[in-house]
Amino acid sequence: LTVTHSNPNESLLEISAHGVSKGSTLAKVAQRLGISKDDAVTFGDNPNDLSMLAWAGRSYAMKTGHPATHAIATGIAPECNDDGVAQVIEALLKLGV
């Protein structure tokens with residue numbers, strides 16, 4: 001089994017089969033759709049997002065996210081309350097990414 005937590009400030013665990021994570025699932029879906037990891041963009045804020053952030057070619061930790069997400073992401077997005085995901089997506093679209 002794989003055990004992780006989505007919020008270190010709450011007593012909440014995520015339990016999945018060995019080797020199953022957001023990152024491994026995203027990799028399988030992307031492969032089926034013919035999407036390269038270099039073309040994938042992910043957003044995360046807690047330890048349960050680390051594998052997904054590590055897999056994607058571009059990854060963004062939310063500004064108020066867990067320090068571990070900041071350490072692994074390729075960028076930092078503004079807070080969720082400030083529409084941080086939308087801000088990054090709009091910026092990427094303007095760049096033609």
# chains A, B, ... in the order shown; residues from 1 in each chain; ligands from 1
call {"tool": "closest_atom_pairs", "arguments": {"of": "region 39-81 of chain A", "to": "region 19-35 of chain A", "cutoff": "8 Å", "atoms": "only C-alpha atoms", "output": "JSON lines"}}
result
{"residue": "A:Asp39", "atom": "CA", "partner": "A:Ile35", "partner_atom": "CA", "distance": 6.6}
{"residue": "A:Ala40", "atom": "CA", "partner": "A:Ile35", "partner_atom": "CA", "distance": 7.3}
{"residue": "A:Asn48", "atom": "CA", "partner": "A:Lys22", "partner_atom": "CA", "distance": 7.5}
{"residue": "A:Asp49", "atom": "CA", "partner": "A:Lys22", "partner_atom": "CA", "distance": 6.6}
{"residue": "A:Leu50", "atom": "CA", "partner": "A:Gly23", "partner_atom": "CA", "distance": 7.7}
{"residue": "A:Ser51", "atom": "CA", "partner": "A:Gly23", "partner_atom": "CA", "distance": 4.5}
{"residue": "A:Met52", "atom": "CA", "partner": "A:Gly23", "partner_atom": "CA", "distance": 3.7}
{"residue": "A:Leu53", "atom": "CA", "partner": "A:Gly23", "partner_atom": "CA", "distance": 7.3}
{"residue": "A:Ala54", "atom": "CA", "partner": "A:Gly23", "partner_atom": "CA", "distance": 7.5}
{"residue": "A:Trp55", "atom": "CA", "partner": "A:Gly23", "partner_atom": "CA", "distance": 5.9}
call {"tool": "residues_around", "arguments": {"residues": "Val41 (chain A)", "least_positions_apart": "4", "cutoff": "9 Å", "atoms": "only C-alpha atoms", "output": "VMD selection string"}}
result
chain A and resid 37 53 56 to 60 89
call {"tool": "residues_around", "arguments": {"residues": "region 77-79 of chain A", "least_positions_apart": "4", "cutoff": "9 Å", "atoms": "only C-alpha atoms", "output": "list in words"}}
result
Phe43, Tyr60, Ala61, Met62, Lys63, Thr64, Gly65, Asp83, Gly84, Val85, Gln87 and Val88 of chain A
call {"tool": "write_last_selection", "arguments": {"atoms": "C-alpha atoms", "output": "PDB file, in the first residue's frame"}}
result
ATOM      1  CA  PHE A  43      -0.749  22.322  -9.986  1.00  0.00           C
ATOM      2  CA  TYR A  60       3.314  24.793 -10.118  1.00  0.00           C
ATOM      3  CA  ALA A  61       2.995  24.754  -6.368  1.00  0.00           C
ATOM      4  CA  MET A  62       0.386  27.057  -4.932  1.00  0.00           C
ATOM      5  CA  LYS A  63       1.848  30.015  -3.037  1.00  0.00           C
ATOM      6  CA  THR A  64       0.304  28.843   0.236  1.00  0.00           C
ATOM      7  CA  GLY A  65       1.195  25.206  -0.443  1.00  0.00           C
ATOM      8  CA  ASP A  83      -7.400  32.445  -8.936  1.00  0.00           C
ATOM      9  CA  GLY A  84      -3.782  31.340  -9.062  1.00  0.00           C
ATOM     10  CA  VAL A  85      -4.362  28.405 -11.410  1.00  0.00           C
ATOM     11  CA  GLN A  87      -3.556  33.262 -13.722  1.00  0.00           C
ATOM     12  CA  VAL A  88      -0.857  30.753 -14.647  1.00  0.00           C
TER      13      VAL A  88
END
call {"tool": "closest_residue", "arguments": {"among": "A:Ala17, A:Val97, A:Glu90, A:Gly44", "to": "Ala73 (chain A)", "atoms": "only C-alpha atoms"}}
result
A:Gly44
call {"tool": "residues_around", "arguments": {"residues": "Val3 (chain A)", "least_positions_apart": "4", "cutoff": "8 Å", "atoms": "only C-alpha atoms", "output": "VMD selection string"}}
result
chain A and resid 13 to 16
call {"tool": "select_by_dssp", "arguments": {"residues": "chain A", "states": "strand (DSSP E)", "output": "ChimeraX atom specification"}}
result
/A:2-5,13-16,41-44,58-62,75-77
call {"tool": "write_last_selection", "arguments": {"atoms": "N, CA and C atoms", "output": "PDB file, in the first residue's frame"}}
result
ATOM      1  N   THR A   2       0.336   2.301  -0.582  1.00  0.00           N
ATOM      2  CA  THR A   2       0.971   3.610  -0.558  1.00  0.00           C
ATOM      3  C   THR A   2       0.111   4.515   0.309  1.00  0.00           C
ATOM      4  N   VAL A   3       0.739   5.179   1.266  1.00  0.00           N
ATOM      5  CA  VAL A   3       0.012   6.065   2.172  1.00  0.00           C
ATOM      6  C   VAL A   3       0.615   7.458   2.078  1.00  0.00           C
ATOM      7  N   THR A   4      -0.232   8.446   1.922  1.00  0.00           N
ATOM      8  CA  THR A   4       0.201   9.842   1.920  1.00  0.00           C
ATOM      9  C   THR A   4      -0.891  10.668   2.574  1.00  0.00           C
ATOM     10  N   HIS A   5      -0.641  11.940   2.736  1.00  0.00           N
ATOM     11  CA  HIS A   5      -1.670  12.806   3.310  1.00  0.00           C
ATOM     12  C   HIS A   5      -1.863  14.020   2.416  1.00  0.00           C
ATOM     13  N   LEU A  13      -5.668  10.617   5.778  1.00  0.00           N
ATOM     14  CA  LEU A  13      -4.693   9.866   5.001  1.00  0.00           C
ATOM     15  C   LEU A  13      -5.308   9.420   3.687  1.00  0.00           C
ATOM     16  N   GLU A  14      -4.458   9.291   2.678  1.00  0.00           N
ATOM     17  CA  GLU A  14      -4.876   8.715   1.405  1.00  0.00           C
ATOM     18  C   GLU A  14      -4.142   7.393   1.255  1.00  0.00           C
ATOM     19  N   ILE A  15      -4.881   6.340   1.023  1.00  0.00           N
ATOM     20  CA  ILE A  15      -4.311   5.003   0.903  1.00  0.00           C
ATOM     21  C   ILE A  15      -4.663   4.455  -0.472  1.00  0.00           C
ATOM     22  N   SER A  16      -3.651   3.977  -1.181  1.00  0.00           N
ATOM     23  CA  SER A  16      -3.882   3.408  -2.509  1.00  0.00           C
ATOM     24  C   SER A  16      -3.012   2.172  -2.683  1.00  0.00           C
ATOM     25  N   VAL A  41       1.060  20.232 -17.690  1.00  0.00           N
ATOM     26  CA  VAL A  41       1.177  21.263 -16.660  1.00  0.00           C
ATOM     27  C   VAL A  41       0.341  20.805 -15.473  1.00  0.00           C
ATOM     28  N   THR A  42       0.937  20.809 -14.294  1.00  0.00           N
ATOM     29  CA  THR A  42       0.211  20.389 -13.100  1.00  0.00           C
ATOM     30  C   THR A  42       0.290  21.464 -12.025  1.00  0.00           C
ATOM     31  N   PHE A  43      -0.679  21.403 -11.113  1.00  0.00           N
ATOM     32  CA  PHE A  43      -0.749  22.322  -9.986  1.00  0.00           C
ATOM     33  C   PHE A  43      -0.982  21.501  -8.730  1.00  0.00           C
ATOM     34  N   GLY A  44      -0.331  21.856  -7.642  1.00  0.00           N
ATOM     35  CA  GLY A  44      -0.525  21.131  -6.399  1.00  0.00           C
ATOM     36  C   GLY A  44      -0.182  21.980  -5.196  1.00  0.00           C
ATOM     37  N   ARG A  58       6.003  20.905 -16.673  1.00  0.00           N
ATOM     38  CA  ARG A  58       5.815  22.176 -15.959  1.00  0.00           C
ATOM     39  C   ARG A  58       4.921  21.886 -14.767  1.00  0.00           C
ATOM     40  N   SER A  59       5.365  22.310 -13.609  1.00  0.00           N
ATOM     41  CA  SER A  59       4.570  22.081 -12.410  1.00  0.00           C
ATOM     42  C   SER A  59       4.590  23.332 -11.547  1.00  0.00           C
ATOM     43  N   TYR A  60       3.456  23.597 -10.941  1.00  0.00           N
ATOM     44  CA  TYR A  60       3.314  24.793 -10.118  1.00  0.00           C
ATOM     45  C   TYR A  60       2.779  24.419  -8.744  1.00  0.00           C
ATOM     46  N   ALA A  61       3.482  24.871  -7.735  1.00  0.00           N
ATOM     47  CA  ALA A  61       2.995  24.754  -6.368  1.00  0.00           C
ATOM     48  C   ALA A  61       2.214  26.022  -6.058  1.00  0.00           C
ATOM     49  N   MET A  62       1.153  25.882  -5.321  1.00  0.00           N
ATOM     50  CA  MET A  62       0.386  27.057  -4.932  1.00  0.00           C
ATOM     51  C   MET A  62       1.179  27.833  -3.878  1.00  0.00           C
ATOM     52  N   GLY A  75       7.602  26.057 -10.749  1.00  0.00           N
ATOM     53  CA  GLY A  75       7.155  27.429 -10.541  1.00  0.00           C
ATOM     54  C   GLY A  75       6.198  27.519  -9.369  1.00  0.00           C
ATOM     55  N   ILE A  76       5.925  28.746  -8.938  1.00  0.00           N
ATOM     56  CA  ILE A  76       4.987  28.987  -7.847  1.00  0.00           C
ATOM     57  C   ILE A  76       3.813  29.789  -8.408  1.00  0.00           C
ATOM     58  N   ALA A  77       2.601  29.307  -8.173  1.00  0.00           N
ATOM     59  CA  ALA A  77       1.386  29.990  -8.621  1.00  0.00           C
ATOM     60  C   ALA A  77       0.837  30.838  -7.478  1.00  0.00           C
TER      61      ALA A  77
END
call {"tool": "select_by_dssp", "arguments": {"residues": "chain A", "states": "alpha helix (DSSP H)", "output": "MDAnalysis selection string"}}
result
chainID A and resid 22:33 50:55 67:72 84:95
